[in-house]
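Text of query.pdb, listed as PDB, C-alpha atoms:
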```
MODEL        1
ATOM      1  CA  MET A 767      33.536 265.133 -48.793
ATOM      2  CA  LYS A 768      33.528 266.960 -45.454
ATOM      3  CA  LYS A 769      33.157 264.745 -42.402
ATOM      4  CA  ASP A 770      32.475 265.666 -38.778
ATOM      5  CA  LEU A 771      35.537 264.781 -36.738
ATOM      6  CA  ASN A 772      35.933 264.868 -33.006
ATOM      7  CA  ILE A 773      38.986 267.130 -33.203
ATOM      8  CA  THR A 774      39.583 270.358 -31.314
ATOM      9  CA  PRO A 775      39.941 273.274 -33.797
ATOM     10  CA  LEU A 776      43.298 274.991 -34.091
ATOM     11  CA  ASN A 777      43.702 278.136 -32.017
ATOM     12  CA  THR A 778      43.772 280.950 -34.583
ATOM     13  CA  LEU A 779      44.270 283.786 -32.109
ATOM     14  CA  SER A 780      47.218 286.011 -32.878
ATOM     15  CA  LEU A 781      49.877 286.784 -30.285
ATOM     16  CA  VAL A 782      48.405 290.290 -29.864
ATOM     17  CA  ASP A 783      44.959 288.755 -29.290
ATOM     18  CA  LYS A 784      46.352 286.537 -26.561
ATOM     19  CA  VAL A 785      48.235 289.372 -24.888
ATOM     20  CA  GLU A 786      45.132 291.576 -24.948
ATOM     21  CA  MET A 787      43.187 288.796 -23.231
ATOM     22  CA  ARG A 788      45.930 288.303 -20.617
ATOM     23  CA  ILE A 789      46.041 292.026 -19.793
ATOM     24  CA  THR A 790      42.264 292.114 -19.474
ATOM     25  CA  GLN A 791      42.440 289.071 -17.206
ATOM     26  CA  TYR A 792      45.158 290.784 -15.148
ATOM     27  CA  ILE A 793      42.818 293.748 -14.595
ATOM     28  CA  LYS A 794      40.027 291.438 -13.394
ATOM     29  CA  ASP A 795      42.231 289.169 -11.284
ATOM     30  CA  ASN A 796      43.687 292.151  -9.419
ATOM     31  CA  ASN A 797      40.282 293.806  -8.917
ATOM     32  CA  LEU A 798      41.516 297.034 -10.482
ATOM     33  CA  SER A 799      39.044 299.886 -10.898
ATOM     34  CA  VAL A 800      38.774 303.191 -12.741
ATOM     35  CA  GLY A 801      41.703 305.464 -11.875
ATOM     36  CA  ASP A 802      44.064 302.642 -10.957
ATOM     37  CA  THR A 803      47.399 302.465 -12.768
ATOM     38  CA  ILE A 804      48.519 299.403 -14.673
ATOM     39  CA  PRO A 805      52.080 298.115 -15.250
ATOM     40  CA  LYS A 806      54.295 299.701 -17.886
ATOM     41  CA  GLU A 807      54.896 298.185 -21.322
ATOM     42  CA  LEU A 808      58.279 296.807 -20.280
ATOM     43  CA  GLN A 809      56.831 295.115 -17.191
ATOM     44  CA  PHE A 810      54.118 293.407 -19.216
ATOM     45  CA  ALA A 811      56.638 292.419 -21.899
ATOM     46  CA  GLU A 812      58.965 290.788 -19.363
ATOM     47  CA  ALA A 813      56.124 289.060 -17.494
ATOM     48  CA  LEU A 814      54.522 287.668 -20.663
ATOM     49  CA  GLY A 815      57.735 286.945 -22.535
ATOM     50  CA  VAL A 816      56.869 288.964 -25.631
ATOM     51  CA  SER A 817      58.198 292.092 -27.312
ATOM     52  CA  ARG A 818      57.160 295.609 -26.334
ATOM     53  CA  THR A 819      55.753 296.019 -29.842
ATOM     54  CA  VAL A 820      53.188 293.293 -29.160
ATOM     55  CA  ILE A 821      52.351 294.819 -25.769
ATOM     56  CA  ARG A 822      52.018 298.270 -27.323
ATOM     57  CA  GLU A 823      49.546 297.010 -29.940
ATOM     58  CA  ALA A 824      47.457 295.166 -27.336
ATOM     59  CA  LEU A 825      47.337 298.264 -25.131
ATOM     60  CA  SER A 826      46.432 300.385 -28.147
ATOM     61  CA  ARG A 827      43.352 298.215 -28.682
ATOM     62  CA  LEU A 828      42.287 298.711 -25.075
ATOM     63  CA  ARG A 829      42.908 302.443 -25.374
ATOM     64  CA  THR A 830      40.761 302.602 -28.529
ATOM     65  CA  ILE A 831      37.722 301.171 -26.739
ATOM     66  CA  GLY A 832      38.271 303.411 -23.728
ATOM     67  CA  ILE A 833      39.445 300.881 -21.135
ATOM     68  CA  ILE A 834      42.775 302.589 -20.532
ATOM     69  CA  ASP A 835      44.042 306.147 -20.851
ATOM     70  CA  SER A 836      47.441 307.787 -20.576
ATOM     71  CA  LYS A 837      47.846 310.380 -17.830
ATOM     72  CA  LYS A 838      50.784 312.733 -17.431
ATOM     73  CA  HIS A 839      53.031 311.750 -14.513
ATOM     74  CA  LYS A 840      50.854 308.661 -13.825
ATOM     75  CA  GLY A 841      51.320 306.506 -16.879
ATOM     76  CA  MET A 842      48.474 304.237 -18.018
ATOM     77  CA  VAL A 843      45.319 304.258 -15.916
ATOM     78  CA  LEU A 844      41.970 302.538 -16.193
ATOM     79  CA  SER A 845      39.096 304.703 -17.420
ATOM     80  CA  HIS A 846      35.327 304.529 -17.941
ATOM     81  CA  PRO A 847      34.740 302.871 -21.344
ATOM     82  CA  ASP A 848      31.856 304.396 -23.283
ATOM     83  CA  PHE A 849      30.368 301.311 -24.919
ATOM     84  CA  ILE A 850      27.588 303.293 -26.621
ATOM     85  CA  GLN A 851      30.198 305.469 -28.324
ATOM     86  CA  ASN A 852      32.013 302.338 -29.496
ATOM     87  CA  PHE A 853      28.761 300.919 -30.805
ATOM     88  CA  GLU A 854      28.118 304.203 -32.638
ATOM     89  CA  LYS A 855      31.500 304.013 -34.355
ATOM     90  CA  VAL A 856      30.689 300.530 -35.641
ATOM     91  CA  ILE A 857      27.274 301.588 -36.972
ATOM     92  CA  ASP A 858      28.745 304.664 -38.680
ATOM     93  CA  THR A 859      30.961 302.462 -40.843
ATOM     94  CA  ASN A 860      27.885 301.108 -42.708
ATOM     95  CA  LEU A 861      29.634 297.735 -42.756
ATOM     96  CA  LEU A 862      27.145 295.723 -40.688
ATOM     97  CA  GLU A 863      25.756 292.731 -42.535
ATOM     98  CA  ASP A 864      22.040 292.378 -43.224
ATOM     99  CA  GLU A 865      21.402 289.799 -40.504
ATOM    100  CA  THR A 866      23.024 292.033 -37.883
ATOM    101  CA  LEU A 867      20.940 295.011 -39.054
ATOM    102  CA  LYS A 868      17.788 292.911 -38.758
ATOM    103  CA  ASP A 869      18.804 291.841 -35.248
ATOM    104  CA  ILE A 870      19.188 295.521 -34.314
ATOM    105  CA  PHE A 871      15.755 296.152 -35.835
ATOM    106  CA  GLU A 872      14.306 293.521 -33.492
ATOM    107  CA  LEU A 873      16.310 294.842 -30.539
ATOM    108  CA  ARG A 874      14.629 298.237 -30.748
ATOM    109  CA  LEU A 875      11.182 296.574 -30.588
ATOM    110  CA  ILE A 876      12.219 294.391 -27.659
ATOM    111  CA  LEU A 877      13.581 297.372 -25.714
ATOM    112  CA  GLU A 878      10.487 299.478 -26.253
ATOM    113  CA  MET A 879       8.028 296.735 -25.286
ATOM    114  CA  GLY A 880      10.122 295.850 -22.242
ATOM    115  CA  MET A 881      10.493 299.328 -20.732
ATOM    116  CA  VAL A 882       6.784 300.000 -20.133
ATOM    117  CA  ASP A 883       6.728 299.208 -16.398
ATOM    118  CA  VAL A 884       9.712 301.480 -15.727
ATOM    119  CA  LEU A 885       8.162 304.174 -17.904
ATOM    120  CA  PHE A 886       4.943 304.188 -15.873
ATOM    121  CA  ALA A 887       6.810 304.130 -12.573
ATOM    122  CA  ARG A 888       8.936 307.179 -13.472
ATOM    123  CA  LYS A 889       6.699 309.383 -15.623
ATOM    124  CA  THR A 890       5.952 312.863 -14.299
ATOM    125  CA  LYS A 891       3.340 315.536 -15.031
ATOM    126  CA  GLU A 892       6.012 317.589 -16.759
ATOM    127  CA  ASP A 893       6.902 314.599 -18.957
ATOM    128  CA  LEU A 894       3.271 314.187 -19.991
ATOM    129  CA  LYS A 895       2.982 317.892 -20.747
ATOM    130  CA  GLU A 896       6.040 317.754 -23.025
ATOM    131  CA  LEU A 897       4.758 314.588 -24.699
ATOM    132  CA  GLU A 898       1.410 316.227 -25.364
ATOM    133  CA  GLU A 899       3.163 319.190 -26.983
ATOM    134  CA  ILE A 900       4.973 316.741 -29.267
ATOM    135  CA  VAL A 901       1.705 315.048 -30.261
ATOM    136  CA  ASP A 902       0.031 318.445 -30.826
ATOM    137  CA  ARG A 903       2.817 319.464 -33.216
ATOM    138  CA  MET A 904       2.587 316.162 -35.062
ATOM    139  CA  GLU A 905      -1.170 316.529 -35.529
ATOM    140  CA  THR A 906      -0.839 320.172 -36.571
ATOM    141  CA  ASN A 907       1.562 319.094 -39.309
ATOM    142  CA  ASN A 908      -1.024 316.544 -40.467
ATOM    143  CA  SER A 909       1.447 313.702 -40.250
ATOM    144  CA  GLU A 910       0.161 310.366 -41.502
ATOM    145  CA  SER A 911      -0.448 308.457 -38.279
ATOM    146  CA  THR A 912      -0.233 304.995 -39.824
ATOM    147  CA  ILE A 913       3.033 305.460 -41.726
ATOM    148  CA  PHE A 914       6.461 305.067 -40.168
ATOM    149  CA  LYS A 915       8.308 308.405 -40.255
ATOM    150  CA  LEU A 916      11.669 308.823 -38.614
ATOM    151  CA  GLU A 917      10.997 312.364 -37.382
ATOM    152  CA  ASN A 918       7.798 311.227 -35.617
ATOM    153  CA  GLU A 919       9.533 308.221 -34.085
ATOM    154  CA  VAL A 920      12.428 310.316 -32.810
ATOM    155  CA  ALA A 921      10.118 312.923 -31.270
ATOM    156  CA  PHE A 922       7.515 310.696 -29.621
ATOM    157  CA  HIS A 923       9.340 307.460 -28.876
ATOM    158  CA  GLY A 924      12.545 309.295 -28.019
ATOM    159  CA  LYS A 925      10.593 311.115 -25.313
ATOM    160  CA  LEU A 926       9.317 307.783 -23.978
ATOM    161  CA  TYR A 927      12.891 306.563 -23.615
ATOM    162  CA  GLU A 928      13.796 309.824 -21.876
ATOM    163  CA  MET A 929      10.890 309.341 -19.467
ATOM    164  CA  SER A 930      12.272 305.943 -18.478
ATOM    165  CA  GLY A 931      15.082 307.808 -16.732
ATOM    166  CA  ASN A 932      17.707 305.469 -18.182
ATOM    167  CA  LYS A 933      20.304 307.566 -19.996
ATOM    168  CA  THR A 934      22.042 304.595 -21.584
ATOM    169  CA  LEU A 935      18.734 303.349 -22.964
ATOM    170  CA  GLN A 936      18.001 306.810 -24.343
ATOM    171  CA  ARG A 937      21.366 307.030 -26.114
ATOM    172  CA  PHE A 938      20.898 303.526 -27.462
ATOM    173  CA  GLN A 939      17.503 304.509 -28.854
ATOM    174  CA  ASN A 940      19.035 307.432 -30.741
ATOM    175  CA  LEU A 941      21.421 305.009 -32.438
ATOM    176  CA  LEU A 942      18.789 302.386 -33.207
ATOM    177  CA  LEU A 943      16.180 304.578 -34.879
ATOM    178  CA  PRO A 944      18.077 305.302 -38.120
ATOM    179  CA  VAL A 945      18.943 301.595 -38.391
ATOM    180  CA  PHE A 946      15.301 300.795 -37.678
ATOM    181  CA  GLN A 947      14.099 302.953 -40.563
ATOM    182  CA  TYR A 948      16.771 301.632 -42.933
ATOM    183  CA  VAL A 949      15.855 297.990 -42.297
ATOM    184  CA  HIS A 950      12.138 298.830 -42.423
ATOM    185  CA  GLU A 951      12.502 300.433 -45.861
ATOM    186  CA  HIS A 952      15.232 298.363 -47.512
ATOM    187  CA  LYS A 953      15.590 294.971 -45.854
ATOM    188  CA  LEU A 954      12.010 293.924 -45.074
ATOM    189  CA  PRO A 955       9.983 295.079 -48.096
ATOM    190  CA  ASP A 956       6.234 294.533 -48.146
ATOM    191  CA  ALA A 957       4.387 293.599 -51.312
ATOM    192  CA  GLU A 958       1.259 295.446 -50.206
ATOM    193  CA  PRO A 959       0.395 298.199 -47.700
ATOM    194  CA  TYR A 960       0.105 296.752 -44.212
ATOM    195  CA  LYS A 961      -3.400 295.907 -42.977
ATOM    196  CA  TYR A 962      -3.827 296.157 -39.216
ATOM    197  CA  SER A 963      -5.581 293.334 -37.380
ATOM    198  CA  LYS A 964      -7.244 295.976 -35.198
ATOM    199  CA  LYS A 965      -7.734 299.726 -35.276
ATOM    200  CA  PHE A 966      -4.359 301.459 -35.377
ATOM    201  CA  THR A 967      -3.301 302.899 -32.015
ATOM    202  CA  THR A 968      -2.114 306.475 -32.566
ATOM    203  CA  HIS A 969       0.435 308.499 -30.639
ATOM    204  CA  ARG A 970      -2.470 310.482 -29.161
ATOM    205  CA  GLU A 971      -4.085 307.334 -27.799
ATOM    206  CA  LEU A 972      -0.807 306.147 -26.294
ATOM    207  CA  LEU A 973      -0.463 309.536 -24.640
ATOM    208  CA  ASN A 974      -3.984 309.259 -23.203
ATOM    209  CA  TYR A 975      -3.218 305.835 -21.718
ATOM    210  CA  LEU A 976      -0.186 307.369 -20.008
ATOM    211  CA  LYS A 977      -2.246 310.263 -18.651
ATOM    212  CA  GLU A 978      -4.927 307.845 -17.400
ATOM    213  CA  ASP A 979      -2.239 305.643 -15.825
ATOM    214  CA  ASP A 980      -3.687 302.662 -17.710
ATOM    215  CA  ILE A 981      -0.621 300.461 -18.123
ATOM    216  CA  LYS A 982      -2.585 297.473 -19.437
ATOM    217  CA  ALA A 983      -4.170 299.532 -22.226
ATOM    218  CA  PHE A 984      -0.809 301.158 -22.999
ATOM    219  CA  LYS A 985       0.921 297.777 -23.420
ATOM    220  CA  LYS A 986      -1.787 296.566 -25.784
ATOM    221  CA  GLY A 987      -1.805 299.873 -27.618
ATOM    222  CA  LEU A 988       1.975 299.929 -28.019
ATOM    223  CA  SER A 989       1.920 296.369 -29.346
ATOM    224  CA  ASN A 990      -0.711 297.418 -31.894
ATOM    225  CA  HIS A 991       1.205 300.598 -32.727
ATOM    226  CA  LEU A 992       4.302 298.506 -33.531
ATOM    227  CA  GLU A 993       2.319 295.684 -35.132
ATOM    228  CA  PRO A 994       3.590 296.165 -38.709
ATOM    229  CA  HIS A 995       7.190 295.848 -37.561
ATOM    230  CA  LEU A 996       6.533 292.944 -35.173
ATOM    231  CA  ASP A 997       4.600 291.014 -37.818
ATOM    232  CA  ARG A 998       7.304 291.481 -40.405
ATOM    233  CA  ILE A 999      10.091 290.059 -38.244
ATOM    234  CA  LEU A1000       7.909 287.228 -36.929
ATOM    235  CA  GLU A1001       6.780 286.347 -40.442
ATOM    236  CA  LYS A1002      10.383 286.401 -41.537
ATOM    237  CA  SER A1003      11.206 283.927 -38.753
ATOM    238  CA  LYS A1004       8.559 281.497 -40.021
ATOM    239  CA  SER A1005       9.806 281.518 -43.618
TER
ENDMDL
END
```

Could you write out this structure as C-alpha cells?
Amino acid sequence: MKKDLNITPLNTLSLVDKVEMRITQYIKDNNLSVGDTIPKELQFAEALGVSRTVIREALSRLRTIGIIDSKKHKGMVLSHPDFIQNFEKVIDTNLLEDETLKDIFELRLILEMGMVDVLFARKTKEDLKELEEIVDRMETNNSESTIFKLENEVAFHGKLYEMSGNKTLQRFQNLLLPVFQYVHEHKLPDAEPYKYSKKFTTHRELLNYLKEDDIKAFKKGLSNHLEPHLDRILEKSKS
C-alpha cells in the first residue's frame, strides 16, 4: 500500500538536462543578448567538467528552439527564438493529449474575450471596411450563422485578431483555430443541437457594434456568439 512519505524525490534529470540548464543560466547571469557570442564547446566542457559530447547535445537542443545559431567566423551567437514556430511544430505532430487540446480550446476563448479593449482602441475605418466585406461575402454564400465553420471563423475572427495590432496574437490565433474546431467536433460532443439562452449574435451584429463604437454591446454580443463553446467547457468543469 502506497504511503505519503516526507522524502525529497530523486533528481531524474539527465546530465544533458543539467548542462542545458547551466548554459541557460550562464546566458541570464551574464546578461547576454541577441547577437552576443557564447563560449565554445571546449570551454563549456572544461568549466562544467563534462565531455564535449554532452555539451554538443545540450547546445543542439538550444539551437533547435532558436536560442542559439552558428555564424561563420563568429561561432555560436544568441538569436531571436520564434516561440510560435516551436509551438506550431508541437501541434503538427498530432501527439498532444486530450486534456492539453481542451486547454488550448479554452485558451482561444480566453484570448478573444480578453482582447476587446485593445481591439476597440486600435480599430480603423479601413479595418471596418475590410471586416464588412468579409461579412458581406459570408452572407452572400448563405453560410449558416449559428453553426461553427472553420472558414467563417478564420475570416471574421482572424480579422479581429489582426485589428488588435498584435502580430504574435494573430499568429497564435491561426494555430489555435484548427485545434479549436477539432476539439469542438471530436472531444466535446453534444447530445442535442445547442439552444441559445438568448438570440444568437451574428457576425453582422458584432460588426455593427464595432462601427457604432459600442464596446459594452460588443462584449455581451461576443460572449453570446461564443456561448456554445463557453457553456461546453464550463459544463465539463462541473462534471

Selection near Lys855 in chain A, 12 Å with all atoms listed in the file, sequence-local residues under 5 positions removed, as a PyMOL selection string: chain A and resi 830-831+848-850+860-862+941

Ref. answer, residues at most 9 Å from (53.1, 291.8, -29.9) with all atoms listed in the file, as a PyMOL selection string: chain A and resi 780-783+785+811+816-824

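The point (11.4, 296.1, -37.1) has these residues within 6 Å of it when all atoms listed in the file are used: A:Phe871, A:Glu872, A:His995.
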
One-decimal distance in Å that lies between CA of Leu1000 in chain A and CA of Thr934 in chain A: 27.1 Å

CA of Lys891 in chain A to CA of Leu877 in chain A, distance in Å rounded to a single decimal: 23.4 Å

Computed interatomic separation between CA of Ser836 in chain A and CA of Pro805 in chain A (Å): 12.0 Å

Result set of the PyMOL selection byres ((chain A and resi 969) around 12) on the coordinates above, as number ranges by chain: A: 897-905, 909-914, 918-919, 921-923, 925-926, 966-968, 970-976, 984, 987-988, 990-992

Can those selected residues be exported to a file as an mmCIF file, in the coordinates of the input so that it contains C-alpha atoms?
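Contents of selection.cif, freshly written:
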```cif
data_model
loop_
_atom_site.group_PDB
_atom_site.id
_atom_site.type_symbol
_atom_site.label_atom_id
_atom_site.label_comp_id
_atom_site.auth_asym_id
_atom_site.auth_seq_id
_atom_site.Cartn_x
_atom_site.Cartn_y
_atom_site.Cartn_z
ATOM 1 C CA LEU A 897 4.758 314.588 -24.699
ATOM 2 C CA GLU A 898 1.410 316.227 -25.364
ATOM 3 C CA GLU A 899 3.163 319.190 -26.983
ATOM 4 C CA ILE A 900 4.973 316.741 -29.267
ATOM 5 C CA VAL A 901 1.705 315.048 -30.261
ATOM 6 C CA ASP A 902 0.031 318.445 -30.826
ATOM 7 C CA ARG A 903 2.817 319.464 -33.216
ATOM 8 C CA MET A 904 2.587 316.162 -35.062
ATOM 9 C CA GLU A 905 -1.170 316.529 -35.529
ATOM 10 C CA SER A 909 1.447 313.702 -40.250
ATOM 11 C CA GLU A 910 0.161 310.366 -41.502
ATOM 12 C CA SER A 911 -0.448 308.457 -38.279
ATOM 13 C CA THR A 912 -0.233 304.995 -39.824
ATOM 14 C CA ILE A 913 3.033 305.460 -41.726
ATOM 15 C CA PHE A 914 6.461 305.067 -40.168
ATOM 16 C CA ASN A 918 7.798 311.227 -35.617
ATOM 17 C CA GLU A 919 9.533 308.221 -34.085
ATOM 18 C CA ALA A 921 10.118 312.923 -31.270
ATOM 19 C CA PHE A 922 7.515 310.696 -29.621
ATOM 20 C CA HIS A 923 9.340 307.460 -28.876
ATOM 21 C CA LYS A 925 10.593 311.115 -25.313
ATOM 22 C CA LEU A 926 9.317 307.783 -23.978
ATOM 23 C CA PHE A 966 -4.359 301.459 -35.377
ATOM 24 C CA THR A 967 -3.301 302.899 -32.015
ATOM 25 C CA THR A 968 -2.114 306.475 -32.566
ATOM 26 C CA ARG A 970 -2.470 310.482 -29.161
ATOM 27 C CA GLU A 971 -4.085 307.334 -27.799
ATOM 28 C CA LEU A 972 -0.807 306.147 -26.294
ATOM 29 C CA LEU A 973 -0.463 309.536 -24.640
ATOM 30 C CA ASN A 974 -3.984 309.259 -23.203
ATOM 31 C CA TYR A 975 -3.218 305.835 -21.718
ATOM 32 C CA LEU A 976 -0.186 307.369 -20.008
ATOM 33 C CA PHE A 984 -0.809 301.158 -22.999
ATOM 34 C CA GLY A 987 -1.805 299.873 -27.618
ATOM 35 C CA LEU A 988 1.975 299.929 -28.019
ATOM 36 C CA ASN A 990 -0.711 297.418 -31.894
ATOM 37 C CA HIS A 991 1.205 300.598 -32.727
ATOM 38 C CA LEU A 992 4.302 298.506 -33.531
#
```

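Using all atoms listed in the file, the shortest contact distance between Ser826 in chain A and any of A:Leu935, A:Leu814, A:Leu798, A:Met842 is found at A:Met842.
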
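Comparing the minimum interatomic distances between Ser845 in chain A and each of A:Asp869, A:Asp802, A:Asp858, A:Asp864, counting all atoms listed in the file, we find that A:Asp802 sits nearest.
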
Suppose a student applies the PyMOL selection byres ((chain A and resi 843) around 9) to this structure; what residues should they get, written as an mmCIF file with C-alpha atoms, in the coordinates of the input?
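Written file, out-v6.cif:
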```
data_model
loop_
_atom_site.group_PDB
_atom_site.id
_atom_site.type_symbol
_atom_site.label_atom_id
_atom_site.label_comp_id
_atom_site.auth_asym_id
_atom_site.auth_seq_id
_atom_site.Cartn_x
_atom_site.Cartn_y
_atom_site.Cartn_z
ATOM 1 C CA VAL A 800 38.774 303.191 -12.741
ATOM 2 C CA GLY A 801 41.703 305.464 -11.875
ATOM 3 C CA ASP A 802 44.064 302.642 -10.957
ATOM 4 C CA THR A 803 47.399 302.465 -12.768
ATOM 5 C CA ILE A 804 48.519 299.403 -14.673
ATOM 6 C CA ILE A 833 39.445 300.881 -21.135
ATOM 7 C CA ILE A 834 42.775 302.589 -20.532
ATOM 8 C CA ASP A 835 44.042 306.147 -20.851
ATOM 9 C CA SER A 836 47.441 307.787 -20.576
ATOM 10 C CA LYS A 837 47.846 310.380 -17.830
ATOM 11 C CA LYS A 840 50.854 308.661 -13.825
ATOM 12 C CA GLY A 841 51.320 306.506 -16.879
ATOM 13 C CA MET A 842 48.474 304.237 -18.018
ATOM 14 C CA LEU A 844 41.970 302.538 -16.193
ATOM 15 C CA SER A 845 39.096 304.703 -17.420
#
```

Closest of A:Lys784, A:Lys895, A:Lys868, A:Pro847 to Ser799 in chain A - atom-to-atom distances counting all atoms listed in the file: A:Pro847

Six-sided padding of 5 Å per side, axis-aligned box over range 778-781 of chain A, centre and edges in Å, one decimal, as AutoDock Vina command-line options:
```
--center_x 46.8 --center_y 283.9 --center_z -32.4 --size_x 16.1 --size_y 15.8 --size_z 14.3
```
